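Colleague: Would you mind keeping the following structure in view while I ask a few things?
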Amino acid sequence: MNGFIRKSGCCLTVALALLASFSAITSAQQAEPLGSVTYRLSMSRPVSHLFEVAIEVELPKDSTAKSLDFQMPKWSPGRYAVFDFAKNVQEFQALGGICPPAEVKCVQPNFPVSRVDDQTWRVETMNTHSVTIRYRVFGNDLSGTFSQLDSRHANYNGGSIFMYVVNHKPDRVKLVIEPPPGWRIVNGRMDRSDQREWQFPNYDIMIDTPTEIAADWTEDQFQVDGKRYRVVVHSFGDEGGKRAGLVRDIEKIVRAETAMWGPPEFDSYTFLIHFAADDHSGDGMEHLTSTQIIEPGALWEEGVYGSTLDTVAHEFFHVWNVKRLRPVELGPWDFTRPVSTRGLWVAEGITNYYGHLMRRRAGLWDDSAFLRRESETITGIENAPGAHLMSAEDSSLSAPFLDDAPHAQRTNLPNTSISYYPKGELIGLVLDLMIRGKTNGKASLDDVMRRMYDEFYLKSPNASYYLRGRGYTTEDFERVASEVGGLDLSRFFGYYVRGVGVLPYEEAFTSVGLSLVREQARQPFNAGIGIAWEDKDRLTIGVVRPRSPAEEAGLAEGDEIISLGKKNISRENFLVSLSRFKQGDRVPITVKRDRRTIQATLVLGAPERFEYRITERKDATPEQKALSAAWLKGS
Ligand SMILES: [Zn+2]
Ligand SMILES: [Zn+2]
């Protein structure tokens with residue numbers, strides 16, 4: 001991503017064309033399976049942050065292959081930006097033969113290695129039938145996308161540390177982990193507690209098994225519908241005695257979500273939760289039989305408990321929506337180019353919707369907490385300038401630029417893009433209420449999702465080596481939603497999914513006896529400035545809105561605001577100091593840009609921001625109230 005994004009348009013096109021032809025070649029060559037592929041992972045010096053990987057490959061007896069290509073993924077499932085994990089690989093070497101694990105004096109000749117491209121190493125097989133490659137890979141990020149090895153633990157996401165053998169991603173693989181003394185291994189595929197070896201049907205499933213290795217994680221368990229759930233917690237801060245309650249509340253979420261979907265397909269599932277207590281590491285990542293959740297705070301702290309449950313409700317819903325029922329492009333994976341799918345507003349957005357709805361159905365929120373949350377999402381989307389420019393499907397296709405993508409080049413994305421998370425959430429909300437209203441409660445989005453799962457996951461023949469069933473297109477989703485709702489949804493999808501029309505909120509809310517109130521936001525003027533609150537040291541402009549007073553005044557993203565209305569200003573007093581202004585005021589502003597101090601005048605414009613609030617209709621009928629109760633309680 002970094003390399004491409006800095007180049008001019010012409011070079012970007014050429015690079016993408018090359019990548020496309022490369023993947024066409026790789027998929028055309030469905031090679032005979034290798035004799036065996038064994039991954040050995042060790043970590044002899046945790047303080048170095050270097051994972052040590054060995055891959056032992058046996059070729060088929062009759063193989064005439066002159067070379068094998070080993071490739072590092074460009075990205076990892078669930079996070080759709082390109083991170084080029086090859087950049088952290090070092091000391092790649094190839095050796096002839098495979099040493100028996102216990103053999104101390106095993107001598108292996110060095111085999112020639114050449115670098116083919118940014119992600120690929122080619123090893124000559126020298127007319128032998130077995131090779132071992134070794135490399136180290138640096139990892140020091142606690143994240144569901146990256147990996148971390150330090151003196152406290154090893155926590156890895158397989159895609160960021162394991163190479164695959166090109167053309168052999170479908171082959172069976174074995175994994176052996178050698179932990180440091182006293183450290184215990186845990187992941188979502190444990191047959192016994194001291195397990196150190198795993199067999200996986202293919203590489204894609206191996207890297208879908210994030211793993212934690214440390215001395216001091218804790219484990220709690222519960223059962224629902226005969227399935228075993230494990231809550232593994234590694235806390236770097238104080239828990240304040242809240243862990244037992246957290247486990248009980250996670251169980252409530254599991255019960256609410258399995259009540260909608262029916263019992264899940266697995267025998268056991270693992271929540272791998274870190275409380276990082278570092279104020280920056282935060283993530284949630286879905287997997288087939290586990291999830292990684294990383295909270296930047298400590299469990300005892302205000303807000304952390306609720307935020308963890310929010311992520312749990314979202315990630316566990318992914319067990320069905322995205323991990324098994326999936327857009328056609330999401331598995332098997334092509335790790336040689338950025339993923340391109342129109343379906344993330346379903347996969348992530350509708351998951352966001354249900355994540356919130358399930359907190360209500362689990363009894364962790366009351367009606368008003370859930371409706372407040374949806375009101376905030378509407379307020380966010382309807383005030384975003386990008387909502388008028390980017391559709392839900394466009395947002396999904398732009399995921400490689402949006403999903404935590406690193407940007408060295410400045411972009412206008414804050415003004416031109418929307419996230420498929422909140423937009424997809426609102427499409428799900430409106431679609432759900434419209435179907436409930438039109439069918440008088442006989443059908444809902446719950447039925448659409450169950451029907452999709454049944455048709456594409458459970459009942460479709462396997463389309464690939466990767467997983468059961470086949471993927472869906474957004475046209476498939478439109479058809480199933482139309483059939484379940486007894487509606488022609490072509491106009492709805494054209495306007496609100498592929499287009500940028502404002503969703504028909506009022507029609508949707510009326511069907512359950514609710515209404516959407518739009519009120520002018522508290523600030524009685526518009527300046528067109530968004531603050532970069534993540535910059536903890538300074539008061540910095542994060543966004544300048546197009547055609548706004550800030551743009552007219554020549555202000556820019558990255559400017560540090562020094563004074564406003566001739567008074568010094570900081571992060572702490574910024575919001576209070578705004579309250580003394582009104583529309584039409586000419587407000588002197590001083591900013592620092594690079595080494596310059598710039599004076600400008602903001603001519604405050606008419607307020608443009610509105611707050612949205614979902615309220616009960618006074619004239620709600622008993623039928624509408626019954627529909628609302630069924631929606632919120634999931635009956
Ligand atoms: Zn850990
Ligand atoms: Zn998600």
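Chain labels follow the order of the structure tokens: the first chain is A, the next B, and so on; residue numbering restarts at 1 in every chain, and ligands are counted from 1 in their shown order.
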Which residues are near ligand 2 in this structure, taking near to mean any atom at most 8 Å from a ligand atom and counting only C-alpha atoms and all ligand atoms? Format them as a PyMOL selection string.

Modeller: chain A and resi 78+284-286+314-315+318+347-349+351-352

Colleague: DSSP on the backbone: what in stretch 248-308 of chain A comes out alpha helix (DSSP H), as a PyMOL selection string?

Modeller: chain A and resi 248-261+304-308

Colleague: Can you work out which residues are within 10 Å of ligand 1, considering only C-alpha atoms and all ligand atoms, and then hand them over as number ranges by chain?

Modeller: A: 142, 148-150, 152-156, 186, 211-217, 232-236, 272-276, 294

Colleague: Tell me which protein, DNA and RNA residues are within 9 Å of stretch 163-168 of chain A, counting only C-alpha atoms, leaving out same-chain ones fewer than 6 positions away, and put them as a PyMOL selection string.

Modeller: chain A and resi 26-27+29-34+37+55+57+68-73+86+120+202-203

Colleague: Find the residues around A:Phe525 up to 7 Å (only C-alpha atoms counted), leave out those fewer than 4 positions away in its own chain, and share them as a PyMOL selection string.

Modeller: chain A and resi 582-583+604-607

Colleague: Create the file for the chosen residues now, containing all heavy atoms and written as a PDB file, in the first residue's frame.

Modeller:
```
ATOM      1  N   LYS A 582     -21.391  33.458  17.973  1.00  0.00           N
ATOM      2  CA  LYS A 582     -22.659  33.193  17.274  1.00  0.00           C
ATOM      3  C   LYS A 582     -22.468  33.398  15.776  1.00  0.00           C
ATOM      4  O   LYS A 582     -21.433  33.926  15.340  1.00  0.00           O
ATOM      5  CB  LYS A 582     -23.767  34.095  17.815  1.00  0.00           C
ATOM      6  CG  LYS A 582     -23.494  35.565  17.638  1.00  0.00           C
ATOM      7  CD  LYS A 582     -24.608  36.390  18.237  1.00  0.00           C
ATOM      8  CE  LYS A 582     -24.473  37.868  17.885  1.00  0.00           C
ATOM      9  NZ  LYS A 582     -23.148  38.462  18.213  1.00  0.00           N
ATOM     10  N   GLN A 583     -23.449  32.976  15.023  1.00  0.00           N
ATOM     11  CA  GLN A 583     -23.411  33.105  13.560  1.00  0.00           C
ATOM     12  C   GLN A 583     -23.128  34.552  13.152  1.00  0.00           C
ATOM     13  O   GLN A 583     -23.691  35.486  13.724  1.00  0.00           O
ATOM     14  CB  GLN A 583     -24.762  32.651  12.999  1.00  0.00           C
ATOM     15  CG  GLN A 583     -24.845  32.719  11.497  1.00  0.00           C
ATOM     16  CD  GLN A 583     -26.239  32.350  11.004  1.00  0.00           C
ATOM     17  OE1 GLN A 583     -27.007  31.731  11.740  1.00  0.00           O
ATOM     18  NE2 GLN A 583     -26.558  32.723   9.782  1.00  0.00           N
ATOM     19  N   LEU A 604     -18.017  33.240  11.039  1.00  0.00           N
ATOM     20  CA  LEU A 604     -18.824  32.062  11.393  1.00  0.00           C
ATOM     21  C   LEU A 604     -20.114  32.007  10.582  1.00  0.00           C
ATOM     22  O   LEU A 604     -20.848  32.987  10.473  1.00  0.00           O
ATOM     23  CB  LEU A 604     -19.141  32.069  12.889  1.00  0.00           C
ATOM     24  CG  LEU A 604     -17.891  31.989  13.784  1.00  0.00           C
ATOM     25  CD1 LEU A 604     -18.282  32.072  15.262  1.00  0.00           C
ATOM     26  CD2 LEU A 604     -17.106  30.703  13.526  1.00  0.00           C
ATOM     27  N   GLY A 605     -20.386  30.842  10.006  1.00  0.00           N
ATOM     28  CA  GLY A 605     -21.542  30.674   9.137  1.00  0.00           C
ATOM     29  C   GLY A 605     -22.758  30.128   9.875  1.00  0.00           C
ATOM     30  O   GLY A 605     -22.739  29.916  11.092  1.00  0.00           O
ATOM     31  N   ALA A 606     -23.819  29.905   9.095  1.00  0.00           N
ATOM     32  CA  ALA A 606     -25.061  29.372   9.664  1.00  0.00           C
ATOM     33  C   ALA A 606     -24.821  27.935  10.124  1.00  0.00           C
ATOM     34  O   ALA A 606     -24.063  27.202   9.501  1.00  0.00           O
ATOM     35  CB  ALA A 606     -26.157  29.401   8.606  1.00  0.00           C
ATOM     36  N   PRO A 607     -25.463  27.547  11.237  1.00  0.00           N
ATOM     37  CA  PRO A 607     -25.250  26.184  11.735  1.00  0.00           C
ATOM     38  C   PRO A 607     -25.685  25.143  10.701  1.00  0.00           C
ATOM     39  O   PRO A 607     -26.700  25.308  10.037  1.00  0.00           O
ATOM     40  CB  PRO A 607     -26.113  26.116  12.989  1.00  0.00           C
ATOM     41  CG  PRO A 607     -27.052  27.266  12.907  1.00  0.00           C
ATOM     42  CD  PRO A 607     -26.409  28.300  12.056  1.00  0.00           C
TER      43      PRO A 607
END
```

Colleague: Apply DSSP to the structure's backbone, then extract all residues of stretch 235-344 of chain A labelled strand (DSSP E or B) and return them as number ranges by chain.

Modeller: A: 235, 268-275, 283-286, 290-295, 321, 325, 327

Colleague: Give me the residues within 12 Å of A:Thr474 as a PyMOL selection string, counting only C-alpha atoms and dropping any in the same chain fewer than 4 places off.

Modeller: chain A and resi 326-329+341-347+392-393+396+452+478-481+490+493-494+497-498

Colleague: Would you mind telling me which residue in A:Ser579, A:Asn573, A:Ser563, A:Ser42 lies nearest to A:Val591 when using only C-alpha atoms?

Modeller: A:Ser563
